[in-house]
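Novice: What follows is a structure written as structure tokens; I'll ask about it next.
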2 protein chains.
Amino acid sequence: MADPFNLAEFLPYRLALIAERISRRLAVEYERSHGLSVAEWRVLANLSNLGTASVRDIQLVTNLEKSRVSRAVGRLETAKMVKKHVSAQDARLVEIALTAKGRATLNAIVPNVREVENRLLEGLTAHQMAAFYAIIDHLHDVLDADPDAKERVDKRAASAASKTGAS
Amino acid sequence: MADPFNLAEFLPYRLALIAERISRRLAVEYERSHGLSVAEWRVLANLSNLGTASVRDIQLVTNLEKSRVSRAVGRLETAKMVKKHVSAQDARLVEIALTAKGRATLNAIVPNVREVENRLLEGLTAHQMAAFYAIIDHLHDVLDADPDAKERVDKRAASAASKTGAS
DNA sequence: TTGAATTCGTTGCATATGCAACGATAATTT
DNA sequence: AAATTATCGTTGCATATGCAACGAATTCAA
């Protein structure tokens, strides 16, 4: 028999498990109380610091399929948490922005998710966290060099997007 | 305006992004070549060292919904990669085991996913990885103490399951 | 031993998802 | 300027997903 494969010690599996578990815990804060899906939450949260953004902007920052973003935005619009309108500069683009209700919803959720994060981080030193994030960055670097990997989420999209809103 | 929420620096988000990216990269190895879904891959891989297991065993080790496991097993059975038969000791249980074809498929996939993992780990010291996993364990510990979190994947299930097979 | 409660796996159903195709618009090429 | 190409967002479709309900089997209690 070949070398037995121990999934439990497999890095991608370990990462998937903890990420899923945290994600599910977090969802308690935005789904149970406000009926938001993961996609809707990510869109909302990104709009918080993007200001105004197009579907594409959100897609880049958020690592979601564009159809998923489009539908999440649609549901958020139905829920009156965001407003869409066609860009004057480029009619292909849709400018998406939080409404007062969207902002209020975010303000209700953010302290709770922050508290979850704080609890997770409790007892860890800044040095530990820096090392942790350094490894995650390393993993991203490896994937960046791998032609079979999907492109990394574009961090520059954030600044580009805020320009869209400002111009 | 409230303290702006920067999703990009939010631990759960960072973890979700890297985990999704790695997962997607890994899927290239088992989906493109062998038509396996994530769920099917996890079932197959767990069977590799569980030997024989019930749906529930797999569910525990794998962190997947039982219906998802059930369906994944069903598809794997259709593909003749696993065999199911009702337990003689407890007729509620289904004993699931790899077929020769399932084992062959695994043997074809495992070296490739291992290589992906090796590339990811390249350049990281054992000490770094230990620190990394220690933090993941810490995160699990925090969630273990959180009544709103889902229970942790049961590592003991692995040994329990292999007993199922042996008895 | 009989009846109630629990466990296991499957299935129905509503919804979510990824992918490809599409119409509309804009940018590029000739 | 006209034609080709590329980009953007939406939608149709097939499939996947989570949840609850269910039937069958077992365990527990009286």
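Each chain in the structure tokens gets a letter, A, B and so on, in the order shown; residues start at 1 in every chain, and ligands are counted from 1 in the order they appear.
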Within 9 Å of chain C, which residues of chain A show up? Give each one with its shortest atom-to-atom distance in Å (one decimal) and the two atoms involved, counting only C-alpha atoms (C1' of nucleotides), rows by chain then rising residue number, as a tab-separated table.

Specialist:
```
residue	atom	partner	partner_atom	distance
A:Glu65	CA	C:DG18	C1'	7.9
A:Ser67	CA	C:DG18	C1'	8.5
A:Arg68	CA	C:DT17	C1'	7.7
A:Asp90	CA	C:DA26	C1'	7.6
A:Ala91	CA	C:DT25	C1'	6.3
A:Arg92	CA	C:DT25	C1'	5.5
```

Novice: Assign secondary structure with DSSP using the backbone only, and return the residues of stretch 52-128 of chain A in strand (DSSP E) as a PyMOL selection string.

Specialist: chain A and resi 52-53+82-86+94-98

Novice: For those residues, write N, CA and C atoms to a file as a PDB file, in the first residue's frame.

Specialist:
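Final file, out.pdb:
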```pdb
ATOM      1  N   THR A  52     -17.869  54.308  -2.699  1.00  0.00           N
ATOM      2  CA  THR A  52     -18.658  53.869  -3.857  1.00  0.00           C
ATOM      3  C   THR A  52     -17.811  52.904  -4.664  1.00  0.00           C
ATOM      4  N   ALA A  53     -18.445  51.868  -5.184  1.00  0.00           N
ATOM      5  CA  ALA A  53     -17.684  50.884  -5.932  1.00  0.00           C
ATOM      6  C   ALA A  53     -18.562  50.223  -6.982  1.00  0.00           C
ATOM      7  N   VAL A  82     -28.313  49.166   0.005  1.00  0.00           N
ATOM      8  CA  VAL A  82     -27.425  49.847  -0.939  1.00  0.00           C
ATOM      9  C   VAL A  82     -28.271  50.470  -2.039  1.00  0.00           C
ATOM     10  N   LYS A  83     -27.643  51.394  -2.734  1.00  0.00           N
ATOM     11  CA  LYS A  83     -28.297  52.033  -3.865  1.00  0.00           C
ATOM     12  C   LYS A  83     -27.388  51.863  -5.077  1.00  0.00           C
ATOM     13  N   LYS A  84     -27.992  51.572  -6.220  1.00  0.00           N
ATOM     14  CA  LYS A  84     -27.210  51.425  -7.447  1.00  0.00           C
ATOM     15  C   LYS A  84     -27.602  52.535  -8.411  1.00  0.00           C
ATOM     16  N   HIS A  85     -26.601  53.044  -9.122  1.00  0.00           N
ATOM     17  CA  HIS A  85     -26.982  53.821 -10.294  1.00  0.00           C
ATOM     18  C   HIS A  85     -25.867  53.799 -11.314  1.00  0.00           C
ATOM     19  N   VAL A  86     -26.276  53.860 -12.554  1.00  0.00           N
ATOM     20  CA  VAL A  86     -25.333  53.733 -13.652  1.00  0.00           C
ATOM     21  C   VAL A  86     -24.367  54.908 -13.644  1.00  0.00           C
ATOM     22  N   VAL A  94     -21.750  50.186 -12.731  1.00  0.00           N
ATOM     23  CA  VAL A  94     -22.803  50.517 -11.786  1.00  0.00           C
ATOM     24  C   VAL A  94     -22.138  51.038 -10.523  1.00  0.00           C
ATOM     25  N   GLU A  95     -22.543  52.180 -10.081  1.00  0.00           N
ATOM     26  CA  GLU A  95     -21.979  52.712  -8.845  1.00  0.00           C
ATOM     27  C   GLU A  95     -22.853  52.274  -7.684  1.00  0.00           C
ATOM     28  N   ILE A  96     -22.221  51.608  -6.760  1.00  0.00           N
ATOM     29  CA  ILE A  96     -22.953  51.053  -5.631  1.00  0.00           C
ATOM     30  C   ILE A  96     -22.513  51.756  -4.360  1.00  0.00           C
ATOM     31  N   ALA A  97     -23.475  52.160  -3.578  1.00  0.00           N
ATOM     32  CA  ALA A  97     -23.143  52.868  -2.339  1.00  0.00           C
ATOM     33  C   ALA A  97     -24.100  52.452  -1.230  1.00  0.00           C
ATOM     34  N   LEU A  98     -23.620  52.538  -0.014  1.00  0.00           N
ATOM     35  CA  LEU A  98     -24.459  52.242   1.136  1.00  0.00           C
ATOM     36  C   LEU A  98     -25.571  53.275   1.273  1.00  0.00           C
TER      37      LEU A  98
END
```

Novice: Would you mind listing, for every residue of chain A within 7 Å of chain B, the two atoms forming the shortest contact and the distance between them in Å to one decimal, using only C-alpha atoms, sorted by chain and ascending residue number, as a Markdown table?

Specialist:
```
| residue | atom | partner | partner_atom | distance |
| --- | --- | --- | --- | --- |
| A:Pro4 | CA | B:Asn49 | CA | 6.2 |
| A:Phe5 | CA | B:Ser48 | CA | 6.3 |
| A:Asn6 | CA | B:Asn49 | CA | 6.5 |
| A:Leu7 | CA | B:Asn46 | CA | 6.4 |
| A:Leu11 | CA | B:Glu117 | CA | 6.8 |
| A:Pro12 | CA | B:Ile22 | CA | 6.3 |
| A:Leu15 | CA | B:Ala19 | CA | 5.6 |
| A:Ala16 | CA | B:Ala19 | CA | 5.2 |
| A:Ile18 | CA | B:Ile136 | CA | 6.9 |
| A:Ala19 | CA | B:Ala16 | CA | 5.2 |
| A:Arg21 | CA | B:Lys150 | CA | 6.8 |
| A:Ile22 | CA | B:Pro12 | CA | 6.3 |
| A:Ser23 | CA | B:Pro12 | CA | 6.5 |
| A:Arg25 | CA | B:Ala149 | CA | 5.0 |
| A:Ala45 | CA | B:Leu7 | CA | 6.4 |
| A:Asn46 | CA | B:Leu7 | CA | 6.4 |
| A:Ser48 | CA | B:Phe5 | CA | 6.3 |
| A:Asn49 | CA | B:Pro4 | CA | 6.2 |
| A:Glu117 | CA | B:Leu11 | CA | 6.8 |
| A:Leu120 | CA | B:Leu139 | CA | 5.7 |
| A:Phe132 | CA | B:Phe132 | CA | 5.8 |
| A:Ile136 | CA | B:Ile18 | CA | 6.9 |
| A:Leu139 | CA | B:Leu120 | CA | 5.7 |
| A:Val142 | CA | B:Leu120 | CA | 5.9 |
| A:Asp148 | CA | B:Arg25 | CA | 6.6 |
| A:Ala149 | CA | B:Arg25 | CA | 5.0 |
| A:Lys150 | CA | B:Arg21 | CA | 6.9 |
```

Novice: Those residues with N, CA and C atoms, as a CSV table (one decimal), in the first residue's frame please?

Specialist:
```
chain,number,residue,atom,x,y,z
A,4,PRO,N,0.2,6.1,3.5
A,4,PRO,CA,-1.1,6.6,3.8
A,4,PRO,C,-1.2,8.1,3.9
A,5,PHE,N,-2.3,8.6,3.4
A,5,PHE,CA,-2.4,10.1,3.3
A,5,PHE,C,-3.2,10.6,4.5
A,6,ASN,N,-2.6,11.3,5.4
A,6,ASN,CA,-3.3,11.8,6.5
A,6,ASN,C,-3.8,13.2,6.3
A,7,LEU,N,-5.1,13.3,6.0
A,7,LEU,CA,-5.7,14.5,5.7
A,7,LEU,C,-5.6,15.5,6.9
A,11,LEU,N,-1.9,20.7,5.3
A,11,LEU,CA,-2.0,22.2,5.5
A,11,LEU,C,-3.3,22.7,4.9
A,12,PRO,N,-3.6,22.4,3.6
A,12,PRO,CA,-4.8,23.0,3.1
A,12,PRO,C,-6.1,22.6,3.8
A,15,LEU,N,-6.3,24.5,7.2
A,15,LEU,CA,-6.7,25.9,7.0
A,15,LEU,C,-8.2,26.0,6.6
A,16,ALA,N,-8.6,25.1,5.8
A,16,ALA,CA,-10.0,25.1,5.4
A,16,ALA,C,-10.9,24.9,6.6
A,18,ILE,N,-10.3,25.5,9.9
A,18,ILE,CA,-10.4,26.7,10.9
A,18,ILE,C,-11.1,27.8,10.2
A,19,ALA,N,-10.9,28.0,8.9
A,19,ALA,CA,-11.5,29.2,8.3
A,19,ALA,C,-13.0,28.9,8.2
A,21,ARG,N,-14.8,27.2,10.2
A,21,ARG,CA,-15.4,27.2,11.6
A,21,ARG,C,-15.5,28.7,12.0
A,22,ILE,N,-14.5,29.5,11.8
A,22,ILE,CA,-14.6,30.9,12.1
A,22,ILE,C,-15.7,31.6,11.3
A,23,SER,N,-15.7,31.3,10.0
A,23,SER,CA,-16.7,31.9,9.1
A,23,SER,C,-18.1,31.6,9.6
A,25,ARG,N,-19.0,30.8,12.7
A,25,ARG,CA,-19.2,31.6,13.9
A,25,ARG,C,-19.6,33.0,13.6
A,45,ALA,N,-19.5,45.1,4.0
A,45,ALA,CA,-18.3,45.5,4.7
A,45,ALA,C,-17.3,46.2,3.8
A,46,ASN,N,-17.2,45.7,2.6
A,46,ASN,CA,-16.2,46.4,1.7
A,46,ASN,C,-16.7,47.8,1.4
A,48,SER,N,-18.1,49.7,3.2
A,48,SER,CA,-17.8,50.5,4.4
A,48,SER,C,-16.6,51.4,4.2
A,49,ASN,N,-15.5,50.8,3.6
A,49,ASN,CA,-14.4,51.7,3.4
A,49,ASN,C,-14.1,52.0,1.9
A,117,GLU,N,-13.6,38.7,16.8
A,117,GLU,CA,-12.2,38.7,16.5
A,117,GLU,C,-11.3,38.9,17.7
A,120,LEU,N,-10.8,35.9,19.6
A,120,LEU,CA,-9.9,35.0,18.9
A,120,LEU,C,-8.5,35.3,19.1
A,132,PHE,N,2.2,35.0,12.1
A,132,PHE,CA,1.1,34.3,11.4
A,132,PHE,C,0.8,34.9,10.1
A,136,ILE,N,0.9,33.6,6.0
A,136,ILE,CA,-0.2,33.7,5.1
A,136,ILE,C,0.3,34.4,3.8
A,139,LEU,N,2.3,32.1,1.8
A,139,LEU,CA,1.4,31.2,1.0
A,139,LEU,C,0.9,31.9,-0.2
A,142,VAL,N,3.5,32.1,-2.9
A,142,VAL,CA,3.7,30.8,-3.6
A,142,VAL,C,2.6,30.7,-4.7
A,148,ASP,N,-1.3,27.7,-12.1
A,148,ASP,CA,-2.6,27.0,-11.9
A,148,ASP,C,-3.5,27.6,-10.8
A,149,ALA,N,-2.9,28.6,-10.1
A,149,ALA,CA,-3.7,29.2,-9.0
A,149,ALA,C,-4.4,30.4,-9.6
A,150,LYS,N,-5.5,30.7,-8.9
A,150,LYS,CA,-6.3,31.9,-9.3
A,150,LYS,C,-5.5,33.1,-8.8
```

Novice: What is the atom CA of A:Asn112-atom CA of B:Glu9 distance in Å, reported with one decimal?

Specialist: 15.9 Å

Novice: Restricting the calculation to only C-alpha atoms (C1' of nucleotides), which member of D:DA3, D:DC28, D:DA16, D:DC22 is positioned closest to chain B?

Specialist: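 Selected residue with least distance to chain B: D:DA16.
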
Novice: Can you build me a table of chain D residues sitting at most 12 Å from chain A, with the closest atom pair per residue and its distance in Å to one decimal, using only C-alpha atoms (C1' of nucleotides), sorted by chain and residue number, as a tab-separated table?

Specialist:
```
residue	atom	partner	partner_atom	distance
D:DT7	C1'	A:Arg92	CA	8.1
D:DC8	C1'	A:Arg92	CA	5.1
D:DG9	C1'	A:Ser70	CA	7.1
D:DT10	C1'	A:Ser70	CA	7.5
D:DT11	C1'	A:Ser67	CA	9.0
```

Novice: Calculate how many Å separate atom CA of A:Met81 from atom CA of A:Ala100, rounding to one decimal.

Specialist: 7.3 Å

Novice: Have a look at atom CA of B:Val43 and atom CA of B:Ala72 and let me know their distance in Å, one decimal.

Specialist: 7.4 Å
